[in-house]
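Structure record follows, encoded as structure tokens.
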Amino acid sequence: MGSKNKLKRFKENETFQNVFQPTREEVVGGQFPLKGKWNSEFFKNNNPIIIELGCGKGEYSVGLAEQYPDKNFVGIDIKGARFWRGAKTAVESGMHNVAFVRTQIELIEGIFAEGEVAEIWITFPDPQIKYKRTKHRMTNSEFLKLYKRILQPDGVVNLKTDSEFMHGYTLGLLHGEGHEVLYANHNVYKNEGAPQEVIGIQTFYEKQYLEINKAITYIRFKIK
């Protein structure tokens, strides 16, 4: 993407009422105004809040918001020029149950209060295969502790990935730490009982993976 295109998207993001771009200082300093107030101040309802971490172009957040109008969705990504597409689609479609926040995943405690989130989606994260990159894997022990703090007591996490490594690493960690695996499949499109929200929405890259018969894996779990 050219720098002119990026600048144009950044500018347009500033005009969208469903996009929030706090500074790192605001988030770390507890100054983000919607923390603990997403339902009352932004969505104006008491519907469950579901977040997508590393939402990319926002396809999954928007797709879920279309499927479930009685739920609220927030896409999180540090790259605003990417989720511009999802935010623009939501604005043009008149969707009021989806928003986007430009921030780092490790700062989400500054965006959501304890127990404010009902469900988390992690879709096609970088598997960070090298051992020295373990701390950046979005399902490592530290990230799970972070997710648990913003999740409701019965909250769930969904991991959808094309990486067998990420799938295996996460399953092993979940079993090893005693978390509750609700569903796991290493080729979800070949499984007749696959949940609709998993196979009913496909990202741009996911469609490319499926065209070359690359297996898509899925895990749904609760953090103990």
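Residue names in the structure tokens use chain letters A, B, ... in the order shown, residue numbers from 1 in each chain, and ligand numbers from 1 in the order shown.
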
Write out as a PDB file with N, CA, C and O atoms, in the first residue's frame all residues of stretch 2-134 of chain A that DSSP puts in helix (DSSP H, G or I) for this structure's backbone.
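File out_13.pdb, as written:
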ATOM      1  N   SER A   3       2.195   5.138   0.492  1.00  0.00           N
ATOM      2  CA  SER A   3       2.086   6.021   1.659  1.00  0.00           C
ATOM      3  C   SER A   3       0.944   7.020   1.509  1.00  0.00           C
ATOM      4  O   SER A   3       0.307   7.415   2.481  1.00  0.00           O
ATOM      5  N   LYS A   4       0.645   7.422   0.260  1.00  0.00           N
ATOM      6  CA  LYS A   4      -0.474   8.347   0.034  1.00  0.00           C
ATOM      7  C   LYS A   4      -1.788   7.690   0.411  1.00  0.00           C
ATOM      8  O   LYS A   4      -2.666   8.300   1.016  1.00  0.00           O
ATOM      9  N   ASN A   5      -1.914   6.418   0.005  1.00  0.00           N
ATOM     10  CA  ASN A   5      -3.111   5.642   0.339  1.00  0.00           C
ATOM     11  C   ASN A   5      -3.276   5.530   1.844  1.00  0.00           C
ATOM     12  O   ASN A   5      -4.370   5.675   2.381  1.00  0.00           O
ATOM     13  N   LYS A   6      -2.163   5.238   2.523  1.00  0.00           N
ATOM     14  CA  LYS A   6      -2.199   5.094   3.981  1.00  0.00           C
ATOM     15  C   LYS A   6      -2.648   6.393   4.639  1.00  0.00           C
ATOM     16  O   LYS A   6      -3.505   6.396   5.524  1.00  0.00           O
ATOM     17  N   LEU A   7      -2.054   7.490   4.205  1.00  0.00           N
ATOM     18  CA  LEU A   7      -2.400   8.784   4.786  1.00  0.00           C
ATOM     19  C   LEU A   7      -3.874   9.112   4.570  1.00  0.00           C
ATOM     20  O   LEU A   7      -4.545   9.640   5.458  1.00  0.00           O
ATOM     21  N   LYS A   8      -4.366   8.780   3.393  1.00  0.00           N
ATOM     22  CA  LYS A   8      -5.776   9.012   3.070  1.00  0.00           C
ATOM     23  C   LYS A   8      -6.678   8.210   4.010  1.00  0.00           C
ATOM     24  O   LYS A   8      -7.685   8.698   4.519  1.00  0.00           O
ATOM     25  N   ARG A   9      -6.279   6.957   4.257  1.00  0.00           N
ATOM     26  CA  ARG A   9      -7.074   6.095   5.141  1.00  0.00           C
ATOM     27  C   ARG A   9      -7.012   6.573   6.587  1.00  0.00           C
ATOM     28  O   ARG A   9      -8.025   6.556   7.286  1.00  0.00           O
ATOM     29  N   PHE A  10      -5.823   6.998   7.019  1.00  0.00           N
ATOM     30  CA  PHE A  10      -5.703   7.529   8.379  1.00  0.00           C
ATOM     31  C   PHE A  10      -6.609   8.735   8.563  1.00  0.00           C
ATOM     32  O   PHE A  10      -7.278   8.894   9.586  1.00  0.00           O
ATOM     33  N   LYS A  11      -6.627   9.593   7.547  1.00  0.00           N
ATOM     34  CA  LYS A  11      -7.471  10.794   7.596  1.00  0.00           C
ATOM     35  C   LYS A  11      -8.949  10.419   7.653  1.00  0.00           C
ATOM     36  O   LYS A  11      -9.727  11.003   8.403  1.00  0.00           O
ATOM     37  N   GLU A  12      -9.321   9.431   6.827  1.00  0.00           N
ATOM     38  CA  GLU A  12     -10.725   9.025   6.796  1.00  0.00           C
ATOM     39  C   GLU A  12     -11.130   8.354   8.103  1.00  0.00           C
ATOM     40  O   GLU A  12     -12.246   8.547   8.585  1.00  0.00           O
ATOM     41  N   ASN A  13     -10.218   7.588   8.693  1.00  0.00           N
ATOM     42  CA  ASN A  13     -10.500   6.959   9.986  1.00  0.00           C
ATOM     43  C   ASN A  13     -10.899   7.990  11.035  1.00  0.00           C
ATOM     44  O   ASN A  13     -11.755   7.739  11.887  1.00  0.00           O
ATOM     45  N   ARG A  24      -0.785   5.838  23.145  1.00  0.00           N
ATOM     46  CA  ARG A  24      -0.320   4.835  24.106  1.00  0.00           C
ATOM     47  C   ARG A  24      -0.397   5.403  25.534  1.00  0.00           C
ATOM     48  O   ARG A  24      -0.778   4.706  26.480  1.00  0.00           O
ATOM     49  N   GLU A  25      -0.039   6.674  25.668  1.00  0.00           N
ATOM     50  CA  GLU A  25      -0.051   7.317  26.987  1.00  0.00           C
ATOM     51  C   GLU A  25      -1.453   7.347  27.580  1.00  0.00           C
ATOM     52  O   GLU A  25      -1.639   7.108  28.778  1.00  0.00           O
ATOM     53  N   GLU A  26      -2.446   7.629  26.736  1.00  0.00           N
ATOM     54  CA  GLU A  26      -3.836   7.638  27.206  1.00  0.00           C
ATOM     55  C   GLU A  26      -4.255   6.266  27.726  1.00  0.00           C
ATOM     56  O   GLU A  26      -4.875   6.152  28.784  1.00  0.00           O
ATOM     57  N   VAL A  27      -3.917   5.232  26.957  1.00  0.00           N
ATOM     58  CA  VAL A  27      -4.327   3.871  27.318  1.00  0.00           C
ATOM     59  C   VAL A  27      -3.632   3.414  28.595  1.00  0.00           C
ATOM     60  O   VAL A  27      -4.264   2.931  29.534  1.00  0.00           O
ATOM     61  N   VAL A  28      -2.307   3.586  28.634  1.00  0.00           N
ATOM     62  CA  VAL A  28      -1.524   3.148  29.800  1.00  0.00           C
ATOM     63  C   VAL A  28      -1.904   3.961  31.038  1.00  0.00           C
ATOM     64  O   VAL A  28      -1.951   3.430  32.152  1.00  0.00           O
ATOM     65  N   TRP A  38     -18.349   0.759  27.495  1.00  0.00           N
ATOM     66  CA  TRP A  38     -18.685   0.475  26.095  1.00  0.00           C
ATOM     67  C   TRP A  38     -20.189   0.339  25.898  1.00  0.00           C
ATOM     68  O   TRP A  38     -20.753   0.886  24.942  1.00  0.00           O
ATOM     69  N   ASN A  39     -20.843  -0.405  26.775  1.00  0.00           N
ATOM     70  CA  ASN A  39     -22.287  -0.615  26.615  1.00  0.00           C
ATOM     71  C   ASN A  39     -23.083   0.673  26.801  1.00  0.00           C
ATOM     72  O   ASN A  39     -23.958   1.005  25.993  1.00  0.00           O
ATOM     73  N   SER A  40     -22.769   1.398  27.859  1.00  0.00           N
ATOM     74  CA  SER A  40     -23.577   2.586  28.171  1.00  0.00           C
ATOM     75  C   SER A  40     -23.259   3.787  27.277  1.00  0.00           C
ATOM     76  O   SER A  40     -24.159   4.507  26.851  1.00  0.00           O
ATOM     77  N   GLU A  41     -21.982   3.987  26.955  1.00  0.00           N
ATOM     78  CA  GLU A  41     -21.585   5.203  26.245  1.00  0.00           C
ATOM     79  C   GLU A  41     -21.522   5.067  24.720  1.00  0.00           C
ATOM     80  O   GLU A  41     -21.766   6.028  24.004  1.00  0.00           O
ATOM     81  N   PHE A  42     -21.156   3.880  24.225  1.00  0.00           N
ATOM     82  CA  PHE A  42     -21.016   3.744  22.774  1.00  0.00           C
ATOM     83  C   PHE A  42     -22.140   2.922  22.151  1.00  0.00           C
ATOM     84  O   PHE A  42     -22.871   3.401  21.279  1.00  0.00           O
ATOM     85  N   PHE A  43     -22.303   1.678  22.590  1.00  0.00           N
ATOM     86  CA  PHE A  43     -23.304   0.815  21.959  1.00  0.00           C
ATOM     87  C   PHE A  43     -24.727   1.150  22.394  1.00  0.00           C
ATOM     88  O   PHE A  43     -25.690   0.847  21.693  1.00  0.00           O
ATOM     89  N   GLU A  59     -12.628  -7.861   8.523  1.00  0.00           N
ATOM     90  CA  GLU A  59     -13.641  -8.696   7.857  1.00  0.00           C
ATOM     91  C   GLU A  59     -14.412  -9.573   8.839  1.00  0.00           C
ATOM     92  O   GLU A  59     -15.620  -9.754   8.713  1.00  0.00           O
ATOM     93  N   TYR A  60     -13.696 -10.116   9.814  1.00  0.00           N
ATOM     94  CA  TYR A  60     -14.363 -11.010  10.758  1.00  0.00           C
ATOM     95  C   TYR A  60     -15.265 -10.231  11.717  1.00  0.00           C
ATOM     96  O   TYR A  60     -16.393 -10.648  11.991  1.00  0.00           O
ATOM     97  N   SER A  61     -14.773  -9.114  12.201  1.00  0.00           N
ATOM     98  CA  SER A  61     -15.588  -8.283  13.103  1.00  0.00           C
ATOM     99  C   SER A  61     -16.887  -7.854  12.429  1.00  0.00           C
ATOM    100  O   SER A  61     -17.970  -7.949  13.007  1.00  0.00           O
ATOM    101  N   VAL A  62     -16.767  -7.391  11.182  1.00  0.00           N
ATOM    102  CA  VAL A  62     -17.949  -6.944  10.437  1.00  0.00           C
ATOM    103  C   VAL A  62     -18.855  -8.134  10.101  1.00  0.00           C
ATOM    104  O   VAL A  62     -20.089  -8.053  10.229  1.00  0.00           O
ATOM    105  N   GLY A  63     -18.249  -9.251   9.704  1.00  0.00           N
ATOM    106  CA  GLY A  63     -19.033 -10.447   9.375  1.00  0.00           C
ATOM    107  C   GLY A  63     -19.833 -10.963  10.558  1.00  0.00           C
ATOM    108  O   GLY A  63     -21.016 -11.309  10.437  1.00  0.00           O
ATOM    109  N   LEU A  64     -19.206 -10.991  11.728  1.00  0.00           N
ATOM    110  CA  LEU A  64     -19.903 -11.432  12.942  1.00  0.00           C
ATOM    111  C   LEU A  64     -21.002 -10.438  13.329  1.00  0.00           C
ATOM    112  O   LEU A  64     -22.089 -10.833  13.742  1.00  0.00           O
ATOM    113  N   ALA A  65     -20.690  -9.147  13.179  1.00  0.00           N
ATOM    114  CA  ALA A  65     -21.681  -8.115  13.520  1.00  0.00           C
ATOM    115  C   ALA A  65     -22.922  -8.226  12.631  1.00  0.00           C
ATOM    116  O   ALA A  65     -24.049  -7.987  13.083  1.00  0.00           O
ATOM    117  N   GLU A  66     -22.721  -8.614  11.376  1.00  0.00           N
ATOM    118  CA  GLU A  66     -23.856  -8.823  10.464  1.00  0.00           C
ATOM    119  C   GLU A  66     -24.662 -10.048  10.880  1.00  0.00           C
ATOM    120  O   GLU A  66     -25.893 -10.027  10.874  1.00  0.00           O
ATOM    121  N   GLN A  67     -23.972 -11.108  11.255  1.00  0.00           N
ATOM    122  CA  GLN A  67     -24.636 -12.356  11.645  1.00  0.00           C
ATOM    123  C   GLN A  67     -25.371 -12.243  12.973  1.00  0.00           C
ATOM    124  O   GLN A  67     -26.397 -12.877  13.182  1.00  0.00           O
ATOM    125  N   GLY A  80      -4.098   0.957  11.650  1.00  0.00           N
ATOM    126  CA  GLY A  80      -5.353   1.607  11.301  1.00  0.00           C
ATOM    127  C   GLY A  80      -5.655   1.599   9.814  1.00  0.00           C
ATOM    128  O   GLY A  80      -6.824   1.557   9.406  1.00  0.00           O
ATOM    129  N   ALA A  81      -4.616   1.633   8.992  1.00  0.00           N
ATOM    130  CA  ALA A  81      -4.844   1.622   7.541  1.00  0.00           C
ATOM    131  C   ALA A  81      -5.458   0.294   7.099  1.00  0.00           C
ATOM    132  O   ALA A  81      -6.102   0.227   6.056  1.00  0.00           O
ATOM    133  N   ARG A  82      -5.257  -0.748   7.899  1.00  0.00           N
ATOM    134  CA  ARG A  82      -5.857  -2.046   7.574  1.00  0.00           C
ATOM    135  C   ARG A  82      -7.336  -2.064   7.928  1.00  0.00           C
ATOM    136  O   ARG A  82      -8.180  -2.372   7.108  1.00  0.00           O
ATOM    137  N   PHE A  83      -7.666  -1.759   9.186  1.00  0.00           N
ATOM    138  CA  PHE A  83      -9.074  -1.898   9.583  1.00  0.00           C
ATOM    139  C   PHE A  83      -9.958  -0.779   9.029  1.00  0.00           C
ATOM    140  O   PHE A  83     -11.181  -0.804   9.195  1.00  0.00           O
ATOM    141  N   TRP A  84      -9.347   0.187   8.343  1.00  0.00           N
ATOM    142  CA  TRP A  84     -10.115   1.224   7.631  1.00  0.00           C
ATOM    143  C   TRP A  84     -11.205   0.575   6.774  1.00  0.00           C
ATOM    144  O   TRP A  84     -12.327   1.068   6.713  1.00  0.00           O
ATOM    145  N   ARG A  85     -10.871  -0.534   6.116  1.00  0.00           N
ATOM    146  CA  ARG A  85     -11.843  -1.203   5.241  1.00  0.00           C
ATOM    147  C   ARG A  85     -13.070  -1.656   6.012  1.00  0.00           C
ATOM    148  O   ARG A  85     -14.207  -1.413   5.607  1.00  0.00           O
ATOM    149  N   GLY A  86     -12.849  -2.330   7.149  1.00  0.00           N
ATOM    150  CA  GLY A  86     -13.968  -2.807   7.962  1.00  0.00           C
ATOM    151  C   GLY A  86     -14.786  -1.659   8.532  1.00  0.00           C
ATOM    152  O   GLY A  86     -16.015  -1.690   8.534  1.00  0.00           O
ATOM    153  N   ALA A  87     -14.085  -0.624   8.996  1.00  0.00           N
ATOM    154  CA  ALA A  87     -14.782   0.537   9.572  1.00  0.00           C
ATOM    155  C   ALA A  87     -15.632   1.232   8.522  1.00  0.00           C
ATOM    156  O   ALA A  87     -16.784   1.606   8.778  1.00  0.00           O
ATOM    157  N   LYS A  88     -15.096   1.382   7.322  1.00  0.00           N
ATOM    158  CA  LYS A  88     -15.822   2.046   6.235  1.00  0.00           C
ATOM    159  C   LYS A  88     -17.050   1.227   5.821  1.00  0.00           C
ATOM    160  O   LYS A  88     -18.134   1.769   5.609  1.00  0.00           O
ATOM    161  N   THR A  89     -16.864  -0.082   5.731  1.00  0.00           N
ATOM    162  CA  THR A  89     -17.996  -0.969   5.388  1.00  0.00           C
ATOM    163  C   THR A  89     -19.112  -0.836   6.412  1.00  0.00           C
ATOM    164  O   THR A  89     -20.293  -0.739   6.057  1.00  0.00           O
ATOM    165  N   ALA A  90     -18.729  -0.825   7.694  1.00  0.00           N
ATOM    166  CA  ALA A  90     -19.726  -0.710   8.766  1.00  0.00           C
ATOM    167  C   ALA A  90     -20.474   0.620   8.693  1.00  0.00           C
ATOM    168  O   ALA A  90     -21.698   0.674   8.842  1.00  0.00           O
ATOM    169  N   VAL A  91     -19.731   1.700   8.420  1.00  0.00           N
ATOM    170  CA  VAL A  91     -20.355   3.028   8.311  1.00  0.00           C
ATOM    171  C   VAL A  91     -21.314   3.072   7.123  1.00  0.00           C
ATOM    172  O   VAL A  91     -22.462   3.511   7.242  1.00  0.00           O
ATOM    173  N   GLU A  92     -20.851   2.591   5.980  1.00  0.00           N
ATOM    174  CA  GLU A  92     -21.677   2.619   4.770  1.00  0.00           C
ATOM    175  C   GLU A  92     -22.911   1.723   4.884  1.00  0.00           C
ATOM    176  O   GLU A  92     -23.939   1.999   4.263  1.00  0.00           O
ATOM    177  N   ILE A 105      -2.232  -5.149  21.302  1.00  0.00           N
ATOM    178  CA  ILE A 105      -2.977  -6.183  22.022  1.00  0.00           C
ATOM    179  C   ILE A 105      -2.616  -6.193  23.507  1.00  0.00           C
ATOM    180  O   ILE A 105      -3.490  -6.352  24.367  1.00  0.00           O
ATOM    181  N   GLU A 106      -1.337  -5.997  23.820  1.00  0.00           N
ATOM    182  CA  GLU A 106      -0.925  -6.074  25.231  1.00  0.00           C
ATOM    183  C   GLU A 106      -1.467  -4.928  26.078  1.00  0.00           C
ATOM    184  O   GLU A 106      -1.355  -4.950  27.309  1.00  0.00           O
ATOM    185  N   LEU A 107      -2.108  -3.946  25.427  1.00  0.00           N
ATOM    186  CA  LEU A 107      -2.667  -2.802  26.166  1.00  0.00           C
ATOM    187  C   LEU A 107      -4.186  -2.885  26.343  1.00  0.00           C
ATOM    188  O   LEU A 107      -4.803  -1.927  26.795  1.00  0.00           O
ATOM    189  N   ILE A 108      -4.778  -4.041  26.022  1.00  0.00           N
ATOM    190  CA  ILE A 108      -6.257  -4.082  26.025  1.00  0.00           C
ATOM    191  C   ILE A 108      -6.881  -3.888  27.406  1.00  0.00           C
ATOM    192  O   ILE A 108      -8.051  -3.529  27.506  1.00  0.00           O
ATOM    193  N   GLU A 109      -6.091  -4.067  28.469  1.00  0.00           N
ATOM    194  CA  GLU A 109      -6.639  -3.770  29.806  1.00  0.00           C
ATOM    195  C   GLU A 109      -6.912  -2.285  29.979  1.00  0.00           C
ATOM    196  O   GLU A 109      -7.659  -1.903  30.877  1.00  0.00           O
ATOM    197  N   GLY A 110      -6.302  -1.473  29.122  1.00  0.00           N
ATOM    198  CA  GLY A 110      -6.588  -0.044  29.163  1.00  0.00           C
ATOM    199  C   GLY A 110      -7.790   0.332  28.324  1.00  0.00           C
ATOM    200  O   GLY A 110      -8.270   1.462  28.362  1.00  0.00           O
ATOM    201  N   TYR A 131      11.552 -19.947  18.599  1.00  0.00           N
ATOM    202  CA  TYR A 131      11.430 -20.036  20.057  1.00  0.00           C
ATOM    203  C   TYR A 131      11.563 -18.669  20.732  1.00  0.00           C
ATOM    204  O   TYR A 131      10.825 -18.344  21.653  1.00  0.00           O
ATOM    205  N   LYS A 132      12.491 -17.847  20.229  1.00  0.00           N
ATOM    206  CA  LYS A 132      12.703 -16.540  20.865  1.00  0.00           C
ATOM    207  C   LYS A 132      11.513 -15.600  20.661  1.00  0.00           C
ATOM    208  O   LYS A 132      11.445 -14.537  21.271  1.00  0.00           O
ATOM    209  N   ARG A 133      10.566 -16.014  19.785  1.00  0.00           N
ATOM    210  CA  ARG A 133       9.360 -15.201  19.562  1.00  0.00           C
ATOM    211  C   ARG A 133       8.159 -15.692  20.382  1.00  0.00           C
ATOM    212  O   ARG A 133       7.048 -15.195  20.240  1.00  0.00           O
ATOM    213  N   THR A 134       8.402 -16.674  21.266  1.00  0.00           N
ATOM    214  CA  THR A 134       7.314 -17.257  22.067  1.00  0.00           C
ATOM    215  C   THR A 134       6.509 -16.189  22.797  1.00  0.00           C
ATOM    216  O   THR A 134       5.281 -16.259  22.871  1.00  0.00           O
TER     217      THR A 134
END

Using only C-alpha atoms, find each residue in stretch 16-132 of chain A having at least one atom no more than 12 Å away from stretch 161-179 of chain A; report its shortest atom-to-atom pair and that distance in Å (one decimal), rows by chain then rising number, as a Markdown table.
| residue | atom | partner | partner_atom | distance |
| --- | --- | --- | --- | --- |
| A:Trp121 | CA | A:Thr161 | CA | 10.9 |
| A:Ile122 | CA | A:Thr161 | CA | 8.2 |
| A:Thr123 | CA | A:Thr161 | CA | 6.1 |
| A:Phe124 | CA | A:Thr161 | CA | 4.4 |
| A:Pro125 | CA | A:Thr161 | CA | 6.9 |
| A:Asp126 | CA | A:Met166 | CA | 8.6 |
| A:Pro127 | CA | A:Met166 | CA | 5.3 |
| A:Gln128 | CA | A:Met166 | CA | 8.3 |
| A:Ile129 | CA | A:Phe165 | CA | 7.4 |
| A:Lys130 | CA | A:Phe165 | CA | 10.7 |
| A:Tyr131 | CA | A:Tyr169 | CA | 11.5 |

File of the preceding selection, C-alpha atoms, as a compact mmCIF listing (two decimals), in the first residue's frame:
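Listed below is the output, part_34.txt:
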# COMPACT_ATOMS: atom_id res chain seq x y z
CA TRP A 121 -11.70 -14.04 18.64
CA ILE A 122 -8.11 -14.47 17.45
CA THR A 123 -8.10 -14.98 13.69
CA PHE A 124 -5.00 -15.96 11.73
CA PRO A 125 -2.36 -14.51 14.08
CA ASP A 126 1.33 -14.64 13.23
CA PRO A 127 2.37 -18.01 14.74
CA GLN A 128 5.79 -16.64 15.78
CA ILE A 129 7.38 -20.04 15.18
CA LYS A 130 10.91 -19.21 16.38
CA TYR A 131 11.43 -20.04 20.06

Extract, using only C-alpha atoms, all DNA, RNA and protein residues at most 8 Å from stretch 210-222 of chain A, discarding same-chain residues fewer than 4 positions from it, and format them as a tab-separated table (two decimals) with C-alpha atoms, in the first residue's frame.
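around.tsv written:
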chain	number	residue	atom	x	y	z
A	154	ASP	CA	-17.88	-17.74	31.67
A	155	GLY	CA	-16.15	-15.98	28.76
A	156	VAL	CA	-14.64	-17.95	25.89
A	157	VAL	CA	-11.74	-17.55	23.45
A	158	ASN	CA	-11.79	-18.64	19.79
A	159	LEU	CA	-8.59	-19.31	17.82
A	160	LYS	CA	-8.85	-19.76	14.06
A	161	THR	CA	-5.60	-20.29	12.18
A	162	ASP	CA	-4.01	-21.88	9.14
A	163	SER	CA	-0.93	-22.73	11.23
A	164	GLU	CA	-0.74	-26.34	12.44
A	167	HIS	CA	-2.90	-24.99	16.71
A	171	LEU	CA	-3.73	-27.10	22.43
A	179	HIS	CA	-7.84	-24.84	30.76
A	180	GLU	CA	-11.11	-26.12	29.32
A	181	VAL	CA	-11.09	-26.98	25.62
A	182	LEU	CA	-14.69	-26.80	24.38
A	183	TYR	CA	-14.01	-27.65	20.73
A	184	ALA	CA	-10.92	-28.39	18.66
A	185	ASN	CA	-10.49	-29.44	15.06
A	186	HIS	CA	-7.41	-29.34	12.84
A	187	ASN	CA	-9.42	-29.11	9.60
A	188	VAL	CA	-12.63	-27.33	10.46
A	189	TYR	CA	-14.05	-27.19	6.92
A	198	VAL	CA	-16.34	-20.39	12.08
A	206	GLU	CA	-8.51	-17.51	4.27

| query | In terms of the shortest atom-to-atom distance over only C-alpha atoms, which of A:Ala194, A:Ile76, A:Ile223, A:Val101 is closest to A:Phe143? | reply | A:Ile223

| said: Show me, as a ChimeraX atom specification, the residues that have an atom within 8 Å of A:Ile150 when counting only C-alpha atoms, minus same-chain residues fewer than 2 positions from it. | reply: /A:109,112-117,146-148,152

Hey, can you spit out that residue selection with all heavy atoms as a compact mmCIF listing (two decimals), in the first residue's frame?
# COMPACT_ATOMS: atom_id res chain seq x y z
N GLU A 109 -6.09 -4.07 28.47
CA GLU A 109 -6.64 -3.77 29.81
C GLU A 109 -6.91 -2.29 29.98
O GLU A 109 -7.66 -1.90 30.88
CB GLU A 109 -5.67 -4.24 30.89
CG GLU A 109 -5.90 -5.68 31.32
CD GLU A 109 -5.05 -6.05 32.53
OE1 GLU A 109 -3.82 -6.08 32.40
OE2 GLU A 109 -5.64 -6.30 33.59
N PHE A 112 -10.60 -2.14 27.94
CA PHE A 112 -11.77 -2.82 28.52
C PHE A 112 -11.57 -3.05 30.02
O PHE A 112 -10.46 -3.36 30.46
CB PHE A 112 -12.00 -4.18 27.84
CG PHE A 112 -12.20 -4.08 26.36
CD1 PHE A 112 -11.15 -4.32 25.48
CD2 PHE A 112 -13.44 -3.72 25.83
CE1 PHE A 112 -11.32 -4.21 24.11
CE2 PHE A 112 -13.62 -3.60 24.46
CZ PHE A 112 -12.56 -3.85 23.60
N ALA A 113 -12.65 -2.91 30.77
CA ALA A 113 -12.59 -3.13 32.21
C ALA A 113 -12.64 -4.63 32.52
O ALA A 113 -12.97 -5.45 31.67
CB ALA A 113 -13.75 -2.41 32.89
N GLU A 114 -12.33 -4.96 33.75
CA GLU A 114 -12.39 -6.35 34.21
C GLU A 114 -13.80 -6.90 33.98
O GLU A 114 -14.80 -6.29 34.36
CB GLU A 114 -12.04 -6.40 35.70
CG GLU A 114 -11.90 -7.80 36.25
CD GLU A 114 -11.48 -7.79 37.71
OE1 GLU A 114 -10.72 -6.88 38.10
OE2 GLU A 114 -11.93 -8.68 38.45
N GLY A 115 -13.89 -8.04 33.30
CA GLY A 115 -15.18 -8.70 33.08
C GLY A 115 -16.10 -8.00 32.08
O GLY A 115 -17.28 -8.31 32.00
N GLU A 116 -15.55 -7.09 31.28
CA GLU A 116 -16.40 -6.33 30.33
C GLU A 116 -16.64 -7.09 29.03
O GLU A 116 -17.59 -6.82 28.30
CB GLU A 116 -15.76 -4.98 30.03
CG GLU A 116 -16.69 -4.02 29.29
CD GLU A 116 -16.12 -2.60 29.18
OE1 GLU A 116 -14.91 -2.40 29.42
OE2 GLU A 116 -16.90 -1.69 28.85
N VAL A 117 -15.79 -8.08 28.76
CA VAL A 117 -15.83 -8.79 27.47
C VAL A 117 -16.42 -10.19 27.63
O VAL A 117 -16.06 -10.92 28.56
CB VAL A 117 -14.40 -8.87 26.87
CG1 VAL A 117 -14.37 -9.71 25.60
CG2 VAL A 117 -13.88 -7.46 26.60
N LEU A 146 -3.90 -12.17 30.65
CA LEU A 146 -4.42 -10.85 30.27
C LEU A 146 -5.88 -10.97 29.81
O LEU A 146 -6.75 -10.21 30.24
CB LEU A 146 -3.55 -10.27 29.15
CG LEU A 146 -3.97 -8.96 28.50
CD1 LEU A 146 -4.02 -7.84 29.52
CD2 LEU A 146 -3.00 -8.60 27.37
N TYR A 147 -6.16 -11.96 28.95
CA TYR A 147 -7.52 -12.15 28.44
C TYR A 147 -8.49 -12.48 29.59
O TYR A 147 -9.62 -11.99 29.61
CB TYR A 147 -7.57 -13.29 27.41
CG TYR A 147 -6.63 -13.13 26.24
CD1 TYR A 147 -6.20 -14.24 25.51
CD2 TYR A 147 -6.17 -11.87 25.84
CE1 TYR A 147 -5.33 -14.11 24.43
CE2 TYR A 147 -5.29 -11.74 24.76
CZ TYR A 147 -4.88 -12.86 24.06
OH TYR A 147 -4.02 -12.74 23.01
N LYS A 148 -8.02 -13.30 30.52
CA LYS A 148 -8.88 -13.72 31.63
C LYS A 148 -9.36 -12.52 32.44
O LYS A 148 -10.49 -12.48 32.92
CB LYS A 148 -8.14 -14.71 32.53
CG LYS A 148 -9.01 -15.28 33.67
CD LYS A 148 -8.29 -16.35 34.45
CE LYS A 148 -9.08 -16.78 35.67
NZ LYS A 148 -10.41 -17.33 35.36
N GLN A 152 -15.53 -12.05 31.07
CA GLN A 152 -16.49 -12.44 32.09
C GLN A 152 -16.12 -13.84 32.59
O GLN A 152 -15.42 -14.59 31.90
CB GLN A 152 -17.90 -12.45 31.49
CG GLN A 152 -18.38 -11.07 31.08
CD GLN A 152 -19.62 -11.09 30.21
OE1 GLN A 152 -20.18 -12.14 29.92
NE2 GLN A 152 -20.04 -9.91 29.78

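You can rank A:Gln104, A:Asn191, A:Thr203, A:Thr139 by their closest distance to A:Thr23 using only C-alpha atoms, and at the top of that list sits A:Gln104.
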
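Ranking A:Phe16, A:Gln31, A:Pro22, A:Leu53 by their shortest atom-to-atom distance to A:Gly94, with only C-alpha atoms included, puts A:Phe16 first.
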
| What is the distance between atom CA of A:Ile201 and atom CA of A:Lys145, in Å to one decimal? | 27.9 Å

| query | Hey, what does DSSP flag as strand (DSSP E) within stretch 15-217 of chain A? Can you give it to me as a PyMOL selection string? | reply | chain A and resi 19-20+49-53+72-77+98-102+117-123+151-161+180-185+217

| message | Just to confirm, what's the straight-line distance from atom CA of A:Pro153 to atom CA of A:Asp70 in Å (one decimal)? | response | 20.4 Å

| When distances are computed from only C-alpha atoms, which of A:Arg149, A:Arg102, A:Lys135, A:Lys190 shows the smallest separation from A:Val19? |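 The answer is A:Arg102, which sits nearest to A:Val19.
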
| task | Compile the contact shell of A:Ala99 as an NGL selection string: residues with an atom at most 8 Å away, counting only C-alpha atoms, same-chain residues fewer than 2 positions apart removed. | result | :A and (18-20 or 73-75 or 87 or 96-97 or 101)

Take the residues just selected and output them with C-alpha atoms as a CSV table (one decimal), in the first residue's frame.
chain,number,residue,atom,x,y,z
A,18,ASN,CA,-16.8,3.9,15.0
A,19,VAL,CA,-13.0,4.3,15.1
A,20,PHE,CA,-11.0,5.1,18.2
A,73,PHE,CA,-18.2,-6.3,18.3
A,74,VAL,CA,-14.9,-4.4,18.7
A,75,GLY,CA,-11.9,-5.1,16.4
A,87,ALA,CA,-14.8,0.5,9.6
A,96,HIS,CA,-24.1,0.3,14.9
A,97,ASN,CA,-22.9,-2.8,16.7
A,101,VAL,CA,-9.7,0.5,18.2
